[in-house]
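Enquirer: Input file: query-v9.cif. Contents: mmCIF, C-alpha atoms.
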```cif
data_coords
loop_
_atom_site.label_atom_id
_atom_site.label_comp_id
_atom_site.auth_asym_id
_atom_site.auth_seq_id
_atom_site.Cartn_x
_atom_site.Cartn_y
_atom_site.Cartn_z
CA MET P 1 -18.95 27.68 -29.04
CA ASP P 2 -19.78 24.16 -27.88
CA ASN P 3 -20.68 23.68 -24.24
CA PHE P 4 -17.68 22.02 -22.57
CA ILE P 5 -19.83 20.05 -20.15
CA ASP P 6 -21.84 18.58 -23.03
CA GLU P 7 -18.57 17.49 -24.63
CA LEU P 8 -17.28 16.06 -21.35
CA LEU P 9 -20.44 14.02 -20.88
CA ALA P 10 -20.31 12.79 -24.47
CA ARG P 11 -16.76 11.51 -24.03
CA ALA P 12 -17.64 9.95 -20.68
CA GLN P 13 -20.59 8.16 -22.25
CA ALA P 14 -18.43 6.89 -25.11
CA LYS P 15 -15.86 5.51 -22.67
CA LYS P 16 -18.50 4.29 -20.20
CA SER P 17 -16.63 6.02 -17.41
CA ARG P 18 -17.53 8.66 -14.83
CA VAL P 19 -14.04 8.60 -13.33
CA LEU P 20 -11.64 11.50 -13.82
CA PHE P 21 -7.95 10.87 -13.28
CA ARG P 22 -6.06 13.28 -11.03
CA LEU P 23 -2.32 13.72 -11.37
CA ALA P 24 -0.82 14.77 -8.03
CA PRO P 25 2.67 13.27 -8.23
CA SER P 26 5.73 13.76 -6.08
CA VAL P 27 9.29 12.74 -6.75
CA SER P 28 9.36 10.71 -3.52
CA MET P 29 6.55 8.42 -4.69
CA LEU P 30 8.49 7.41 -7.82
CA LYS P 31 10.52 4.22 -7.79
CA GLU P 32 14.26 4.60 -7.32
CA ASP P 33 15.15 2.99 -10.65
CA PHE P 34 12.66 5.31 -12.40
CA ARG P 35 14.19 8.42 -10.79
CA ALA P 36 17.68 7.26 -11.74
CA ARG P 37 16.87 7.64 -15.44
CA TYR P 38 16.45 11.43 -15.23
CA GLN P 39 18.51 14.38 -14.06
CA THR P 40 15.77 16.81 -13.07
CA ALA P 41 12.57 16.64 -11.04
CA GLY P 42 10.66 18.08 -13.99
CA ALA P 43 11.78 15.27 -16.29
CA MET P 44 10.79 12.67 -13.68
CA LEU P 45 7.34 14.17 -13.19
CA PHE P 46 6.70 14.60 -16.91
CA SER P 47 7.71 11.03 -17.71
CA HIS P 48 5.52 9.72 -14.89
CA CYS P 49 2.57 11.78 -16.18
CA VAL P 50 3.06 10.51 -19.75
CA ALA P 51 3.16 6.89 -18.59
CA CYS P 52 0.01 7.37 -16.49
CA ILE P 53 -1.84 9.16 -19.31
CA GLU P 54 -1.00 6.33 -21.68
CA GLY P 55 -2.42 3.88 -19.19
CA VAL P 56 -5.69 5.69 -18.47
CA LYS P 57 -6.50 7.45 -21.75
CA ASP P 58 -9.19 4.89 -22.60
CA LEU P 59 -10.57 4.91 -19.04
CA THR P 60 -11.32 8.59 -18.52
CA ALA P 61 -12.59 11.66 -20.32
CA ALA P 62 -10.29 14.13 -18.59
CA VAL P 63 -7.10 14.49 -16.59
CA ILE P 64 -7.06 16.79 -13.57
CA PHE P 65 -3.72 18.41 -12.81
CA ASP P 66 -3.20 19.25 -9.13
CA ARG P 67 -1.34 22.52 -9.54
CA ALA P 68 0.08 22.54 -6.00
CA ALA P 69 1.79 19.18 -6.55
CA PHE P 70 3.66 20.59 -9.54
CA ASP P 71 4.27 24.08 -8.13
CA PHE P 72 6.17 22.47 -5.24
CA TYR P 73 9.06 21.85 -7.67
CA GLY P 74 9.18 25.41 -8.95
CA LEU P 75 9.83 26.03 -12.62
CA ASP P 76 10.67 22.34 -13.13
CA GLY P 77 7.21 21.35 -11.93
CA VAL P 78 5.40 24.08 -13.84
CA MET P 79 7.06 23.09 -17.11
CA ALA P 80 6.32 19.42 -16.43
CA MET P 81 2.66 20.25 -15.96
CA SER P 82 2.54 22.39 -19.09
CA MET P 83 4.08 19.68 -21.26
CA ALA P 84 1.96 16.93 -19.69
CA ALA P 85 -1.20 18.96 -20.28
CA LYS P 86 -0.34 19.27 -23.97
CA TYR P 87 0.38 15.56 -24.12
CA ALA P 88 -2.99 14.77 -22.54
CA HIS P 89 -4.71 16.90 -25.17
CA LYS P 90 -2.92 15.05 -27.94
CA GLN P 91 -4.29 11.80 -26.50
CA GLY P 92 -7.84 13.12 -26.79
CA LEU P 93 -8.31 13.98 -23.13
CA PHE P 94 -9.72 17.15 -21.64
CA VAL P 95 -7.51 19.03 -19.18
CA ILE P 96 -8.77 20.41 -15.88
CA VAL P 97 -6.35 22.43 -13.74
CA ASP P 98 -7.14 22.27 -10.04
CA GLY P 99 -5.64 25.45 -8.63
CA CYS P 100 -8.60 26.69 -6.57
CA PHE P 101 -7.82 30.14 -7.95
CA GLY P 102 -8.84 32.89 -5.57
CA GLY P 103 -8.03 36.40 -4.44
CA ARG P 104 -9.61 39.56 -5.74
CA GLY P 105 -12.21 39.13 -8.43
CA GLU P 106 -10.07 40.50 -11.22
CA SER P 107 -7.26 38.13 -10.22
CA VAL P 108 -9.55 35.12 -10.63
CA LEU P 109 -10.58 36.27 -14.09
CA ARG P 110 -6.95 36.87 -15.00
CA TYR P 111 -6.08 33.34 -13.90
CA ALA P 112 -8.90 32.02 -16.07
CA GLU P 113 -7.63 33.97 -19.06
CA SER P 114 -4.09 32.68 -18.59
CA TYR P 115 -5.29 29.07 -18.54
CA PHE P 116 -7.97 29.32 -21.22
CA TYR P 117 -6.37 31.57 -23.83
CA ALA P 118 -3.59 29.41 -25.26
CA ASP P 119 -3.25 27.93 -28.71
CA GLY P 120 -1.64 24.66 -27.65
CA SER P 121 1.30 25.13 -30.01
CA GLU P 122 4.82 23.97 -29.16
CA GLY P 123 5.88 27.55 -28.56
CA ASP P 124 3.06 28.35 -26.16
CA ASN P 125 4.05 27.23 -22.67
CA ARG P 126 0.71 27.95 -21.06
CA PHE P 127 -1.62 25.13 -20.10
CA PHE P 128 -4.51 25.26 -22.55
CA ALA P 129 -6.92 24.11 -19.86
CA ASP P 130 -10.49 23.19 -20.70
CA ALA P 131 -11.58 23.91 -17.13
CA ILE P 132 -10.21 25.22 -13.85
CA THR P 133 -11.24 25.17 -10.21
CA VAL P 134 -11.86 28.43 -8.36
CA SER P 135 -12.35 29.56 -4.80
CA PRO P 136 -16.01 29.85 -3.79
CA TYR P 137 -15.35 33.16 -2.07
CA CYS P 138 -14.22 35.23 -5.06
CA GLY P 139 -17.52 37.13 -5.14
CA ALA P 140 -20.83 36.86 -6.93
CA GLU P 141 -19.92 39.37 -9.64
CA THR P 142 -16.75 37.43 -10.42
CA LEU P 143 -18.70 34.17 -10.73
CA LYS P 144 -21.10 35.90 -13.10
CA LYS P 145 -18.27 37.15 -15.34
CA LEU P 146 -16.49 33.81 -15.13
CA ALA P 147 -19.60 31.92 -16.25
CA SER P 148 -19.94 34.25 -19.23
CA MET P 149 -16.26 33.80 -20.13
CA CYS P 150 -16.57 30.01 -19.93
CA SER P 151 -19.64 30.05 -22.15
CA GLU P 152 -17.96 32.23 -24.77
CA GLU P 153 -14.75 30.18 -24.82
CA GLY P 154 -16.26 26.68 -24.58
CA ARG P 155 -14.68 26.18 -21.15
CA ALA P 156 -15.89 25.46 -17.62
CA ALA P 157 -15.11 26.30 -14.00
CA PHE P 158 -15.68 24.21 -10.91
CA VAL P 159 -16.28 26.02 -7.63
CA THR P 160 -14.59 24.31 -4.69
CA VAL P 161 -17.42 24.03 -2.17
CA THR P 162 -15.87 21.14 -0.27
CA THR P 163 -17.84 20.40 2.85
CA SER P 164 -15.59 19.97 5.85
CA VAL P 165 -15.02 16.45 7.13
CA SER P 166 -14.47 17.92 10.59
CA ASP P 167 -17.10 18.88 13.18
CA ASN P 168 -14.85 21.62 14.51
CA LYS P 169 -16.95 24.79 14.47
CA GLU P 170 -13.81 26.88 13.96
CA ASP P 171 -13.09 25.24 10.61
CA PHE P 172 -13.77 27.82 7.91
CA GLU P 173 -16.31 25.77 6.03
CA ASN P 174 -18.32 25.16 9.20
CA VAL P 175 -18.73 28.88 9.80
CA LYS P 176 -22.35 29.99 9.57
CA THR P 177 -23.78 33.17 8.09
CA GLU P 178 -25.99 35.45 10.15
CA GLY P 179 -28.91 33.50 8.77
CA GLY P 180 -27.43 30.25 10.06
CA GLU P 181 -26.45 28.86 6.66
CA ALA P 182 -23.06 27.20 6.11
CA LEU P 183 -20.70 29.18 3.90
CA TYR P 184 -20.14 26.29 1.50
CA ARG P 185 -23.89 26.12 0.84
CA VAL P 186 -23.94 29.83 0.02
CA ALA P 187 -21.09 29.25 -2.43
CA ALA P 188 -22.95 26.39 -4.10
CA ASP P 189 -26.05 28.54 -4.35
CA ASP P 190 -24.12 31.36 -6.06
CA ALA P 191 -22.63 28.92 -8.57
CA ALA P 192 -26.10 27.59 -9.30
CA ALA P 193 -27.58 31.05 -9.78
CA TYR P 194 -25.03 32.20 -12.36
CA GLY P 195 -24.49 28.78 -13.90
CA GLU P 196 -28.17 28.46 -14.72
CA MET P 197 -27.72 31.22 -17.30
CA PHE P 198 -25.42 28.98 -19.34
CA VAL P 199 -26.92 25.50 -19.42
CA GLY P 200 -26.10 23.16 -22.29
CA GLU P 201 -28.16 20.55 -24.11
CA ASN P 202 -27.62 17.99 -21.37
CA GLY P 203 -29.03 20.30 -18.71
CA TYR P 204 -25.73 21.13 -17.00
CA SER P 205 -24.03 24.48 -16.84
CA VAL P 206 -20.50 25.81 -17.34
CA LEU P 207 -20.22 26.33 -13.56
CA GLY P 208 -19.89 23.10 -11.64
CA PHE P 209 -18.57 22.35 -8.18
CA VAL P 210 -16.01 20.19 -6.37
CA THR P 211 -16.69 18.44 -3.09
CA GLU P 212 -15.76 15.50 -0.87
CA PRO P 213 -17.73 12.28 -0.19
CA VAL P 214 -19.17 13.20 3.19
CA LYS P 215 -22.59 12.38 4.58
CA ASP P 216 -24.36 15.59 3.59
CA THR P 217 -22.91 15.72 0.08
CA SER P 218 -26.27 14.90 -1.52
CA ALA P 219 -27.75 18.09 -0.06
CA LEU P 220 -25.66 20.06 -2.53
CA ARG P 221 -27.65 18.63 -5.42
CA GLY P 222 -30.77 20.29 -4.06
CA ILE P 223 -28.93 23.61 -3.94
CA ASN P 224 -27.24 23.34 -7.33
CA ARG P 225 -29.24 21.28 -9.82
CA TRP P 226 -27.39 22.67 -12.82
CA GLY P 227 -23.78 21.98 -11.88
CA ILE P 228 -21.72 18.92 -12.70
CA ALA P 229 -20.06 17.74 -9.49
CA ILE P 230 -16.53 16.42 -9.16
CA VAL P 231 -16.23 14.29 -6.03
CA ASN P 232 -12.63 13.82 -4.90
CA ALA P 233 -12.45 10.28 -3.59
CA THR P 234 -9.92 7.83 -2.28
CA VAL P 235 -10.10 4.22 -3.45
CA PRO P 236 -11.83 3.07 -0.21
CA ASP P 237 -14.39 5.89 -0.67
CA LEU P 238 -15.75 4.03 -3.69
CA ASP P 239 -17.40 1.58 -1.31
CA LYS P 240 -19.31 4.34 0.51
CA ALA P 241 -22.86 5.29 -0.45
CA GLU P 242 -22.23 9.00 0.20
CA THR P 243 -19.67 9.05 -2.61
CA TYR P 244 -22.50 8.71 -5.12
CA GLY P 245 -25.02 11.13 -3.66
CA LEU P 246 -24.71 13.60 -6.53
CA PHE P 247 -25.76 11.30 -9.36
CA TYR P 248 -29.29 12.15 -10.43
CA ARG P 249 -31.61 9.24 -9.78
CA GLY P 250 -32.86 7.72 -13.00
CA GLU P 251 -30.27 9.49 -15.13
CA GLY P 252 -27.00 8.39 -13.61
CA GLU P 253 -25.56 11.75 -14.62
CA GLY P 254 -24.46 14.89 -12.82
CA GLU P 255 -21.37 13.53 -11.08
CA PHE P 256 -17.80 12.53 -11.78
CA VAL P 257 -15.56 10.79 -9.25
CA ALA P 258 -11.90 11.82 -9.27
CA VAL P 259 -9.17 9.44 -8.13
CA SER P 260 -5.47 10.32 -8.04
CA ASP P 261 -2.22 8.59 -8.81
CA ALA P 262 -0.98 9.49 -5.33
CA ASP P 263 -3.97 7.90 -3.62
CA VAL P 264 -3.70 4.73 -5.72
CA CYS P 265 -0.07 4.43 -4.59
CA ARG P 266 -1.13 4.76 -0.96
CA PHE P 267 -3.86 2.19 -1.50
CA ASN P 268 -1.50 -0.27 -3.17
CA GLY P 269 1.11 -0.09 -0.41
CA THR P 270 3.90 2.14 0.77
CA TYR P 271 3.54 5.60 -0.75
CA VAL P 272 7.27 6.32 -0.95
CA GLY P 273 8.97 4.74 -3.95
CA ASN P 274 5.88 2.81 -5.03
CA ALA P 275 4.50 4.53 -8.14
CA ASP P 276 4.01 2.25 -11.13
CA ALA P 277 1.99 3.55 -14.08
CA ALA P 278 0.71 0.13 -15.11
CA GLU P 279 -0.48 -0.67 -11.58
CA ILE P 280 -2.10 2.75 -11.30
CA ALA P 281 -3.96 2.22 -14.59
CA GLY P 282 -5.13 -1.22 -13.44
CA CYS P 283 -6.54 0.24 -10.24
CA VAL P 284 -8.24 3.06 -12.15
CA LYS P 285 -9.92 0.47 -14.39
CA GLU P 286 -11.33 -1.26 -11.31
CA CYS P 287 -12.52 2.13 -10.01
CA VAL P 288 -14.31 2.82 -13.30
CA LEU P 289 -16.21 -0.47 -13.08
CA LYS P 290 -17.18 0.16 -9.47
CA VAL P 291 -18.45 3.69 -10.17
CA GLU P 292 -20.43 2.47 -13.19
CA GLU P 293 -22.11 -0.18 -11.04
CA HIS P 294 -23.28 2.51 -8.63
CA ARG P 295 -24.30 4.89 -11.42
CA LEU P 296 -26.37 2.33 -13.27
CA GLY P 297 -27.80 1.00 -10.01
CA LYS P 298 -29.55 4.29 -9.26
CA GLU P 299 -33.32 3.96 -9.29
#
```
Show the structure stored in the file as structure tokens.
Expert:
Amino acid sequence: MDNFIDELLARAQAKKSRVLFRLAPSVSMLKEDFRARYQTAGAMLFSHCVACIEGVKDLTAAVIFDRAAFDFYGLDGVMAMSMAAKYAHKQGLFVIVDGCFGGRGESVLRYAESYFYADGSEGDNRFFADAITVSPYCGAETLKKLASMCSEEGRAAFVTVTTSVSDNKEDFENVKTEGGEALYRVAADDAAAYGEMFVGENGYSVLGFVTEPVKDTSALRGINRWGIAIVNATVPDLDKAETYGLFYRGEGEGEFVAVSDADVCRFNGTYVGNADAAEIAGCVKECVLKVEEHRLGKE
């Protein structure tokens, strides 16, 4: 099957955008008059997602669904996410589910199957995801099997190797191995090793990684040259040089920056009762232009 990352890059190039749009809504961020139109939290969330997708569908290649934001509302939230994912697909967008799936190795593979193996029909209430995020500590053998599954199904997985923004040595991601290497670097190295087996025409593999825009972010590129990186960023982060450390110099590829509806609401003003799909789309458009300036400015 086609390499998903090749397809993702092709759509990004066509739209001249390296921004991915993250949906992480809450009922409390929706305006009061918007909430008053619906009787259930699920209906509110779904309608918000549809309005946002309509606004950003020409500005992004993929929508990332923050599973925790939807799970908070139980079955209502899960159904809202399922329906919104189908809607995003119908608008020509890829769907990435950010669940950081972990646990025992077989559990991770089962999660992947449940998100990948759906036909997208009206009667199938699964999510038909093109990609998922997984815990970096699910084991090397699991990553190997996951990479093979993604290659066979035309899907992708992004390993969450987020470097900690804290200097606290007790924070899990700051823990060192016996050899003195940070755990997140080991995770990135494992993803690189098994991802290299399944590299597409553009030189990027079915195993990518997710991180934050911190000062040592660029070091991850030296560890994992094959993985597409998703950098979760706030709107103010787009003015920081470290946000763009994972673009390859000369190519302007290798990285996507993800901004969320929730963060745009915080940036625009009071988070509670402030969400407006048109304003969110306008801010995302500005983010796209800013990221493109940095991407094309790479020497």
Enquirer: Leaving out Leu220 of chain P and any residue of its chain fewer than 3 positions from it, which residues lie within 10 Å of it when counting all atoms listed in the file, given as a list in words?
Expert: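 Non-adjacent residues within range: Val161, Thr163, Tyr184, Arg185, Ala188, Asp189, Phe209, Thr211, Asp216, Thr217, Ile223, Asn224, Arg225, Gly227, Ala229, Gly245 and Leu246 of chain P.
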Enquirer: With C-alpha atoms retained, export the selected residues as a short mmCIF file (atom, residue, chain, number, x, y, z; two decimals), in the coordinates of the input.
Expert:
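In the end it all went to out12.cif:
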```cif
data_model
loop_
_atom_site.label_atom_id
_atom_site.label_comp_id
_atom_site.auth_asym_id
_atom_site.auth_seq_id
_atom_site.Cartn_x
_atom_site.Cartn_y
_atom_site.Cartn_z
CA VAL P 161 -17.42 24.03 -2.17
CA THR P 163 -17.84 20.40 2.85
CA TYR P 184 -20.14 26.29 1.50
CA ARG P 185 -23.89 26.12 0.84
CA ALA P 188 -22.95 26.39 -4.10
CA ASP P 189 -26.05 28.54 -4.35
CA PHE P 209 -18.57 22.35 -8.18
CA THR P 211 -16.69 18.44 -3.09
CA ASP P 216 -24.36 15.59 3.59
CA THR P 217 -22.91 15.72 0.08
CA ILE P 223 -28.93 23.61 -3.94
CA ASN P 224 -27.24 23.34 -7.33
CA ARG P 225 -29.24 21.28 -9.82
CA GLY P 227 -23.78 21.98 -11.88
CA ALA P 229 -20.06 17.74 -9.49
CA GLY P 245 -25.02 11.13 -3.66
CA LEU P 246 -24.71 13.60 -6.53
#
```
Enquirer: Could you expand the PyMOL selection byres ((chain P and resi 53) around 10) into the explicit residues it covers here, written as a VMD selection string?
Expert: chain P and resid 21 23 47 to 52 54 to 60 62 to 63 84 to 85 87 to 88 91 93 277 281
Enquirer: Rounded to one decimal in Å, what is the spacing between atom CA of Glu141 of chain P and atom CA of Tyr248 of chain P?
Expert: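 Rounded to one decimal, the two atoms are 28.8 Å apart.
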Enquirer: Write out as a list in words the residues lying within 10 Å of Ser148 of chain P, counting only C-alpha atoms and excluding same-chain residues fewer than 5 positions away.
Expert: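 Those residues are Thr142, Leu143, Glu153, Gly154, Arg155, Ala156, Tyr194, Gly195, Met197, Phe198, Val206 and Leu207 of chain P.
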Enquirer: Could you expand the PyMOL selection byres ((chain P and resi 254-269) around 9) into the explicit residues it covers here, written as a PyMOL selection string?
Expert: chain P and resi 17-26+29+52+64+204+221+225-236+238+243-248+251-253+270-272+274-277+279-281+283-284+287+291
Enquirer: For each of P:Asp71, P:Asp237, P:Glu293, P:Glu196, take the minimum atom-to-atom distance to Val214 of chain P, counting only C-alpha atoms, then give the residue where this is smallest.
Expert: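 Closest to Val214 of chain P, using only C-alpha atoms: P:Asp237.
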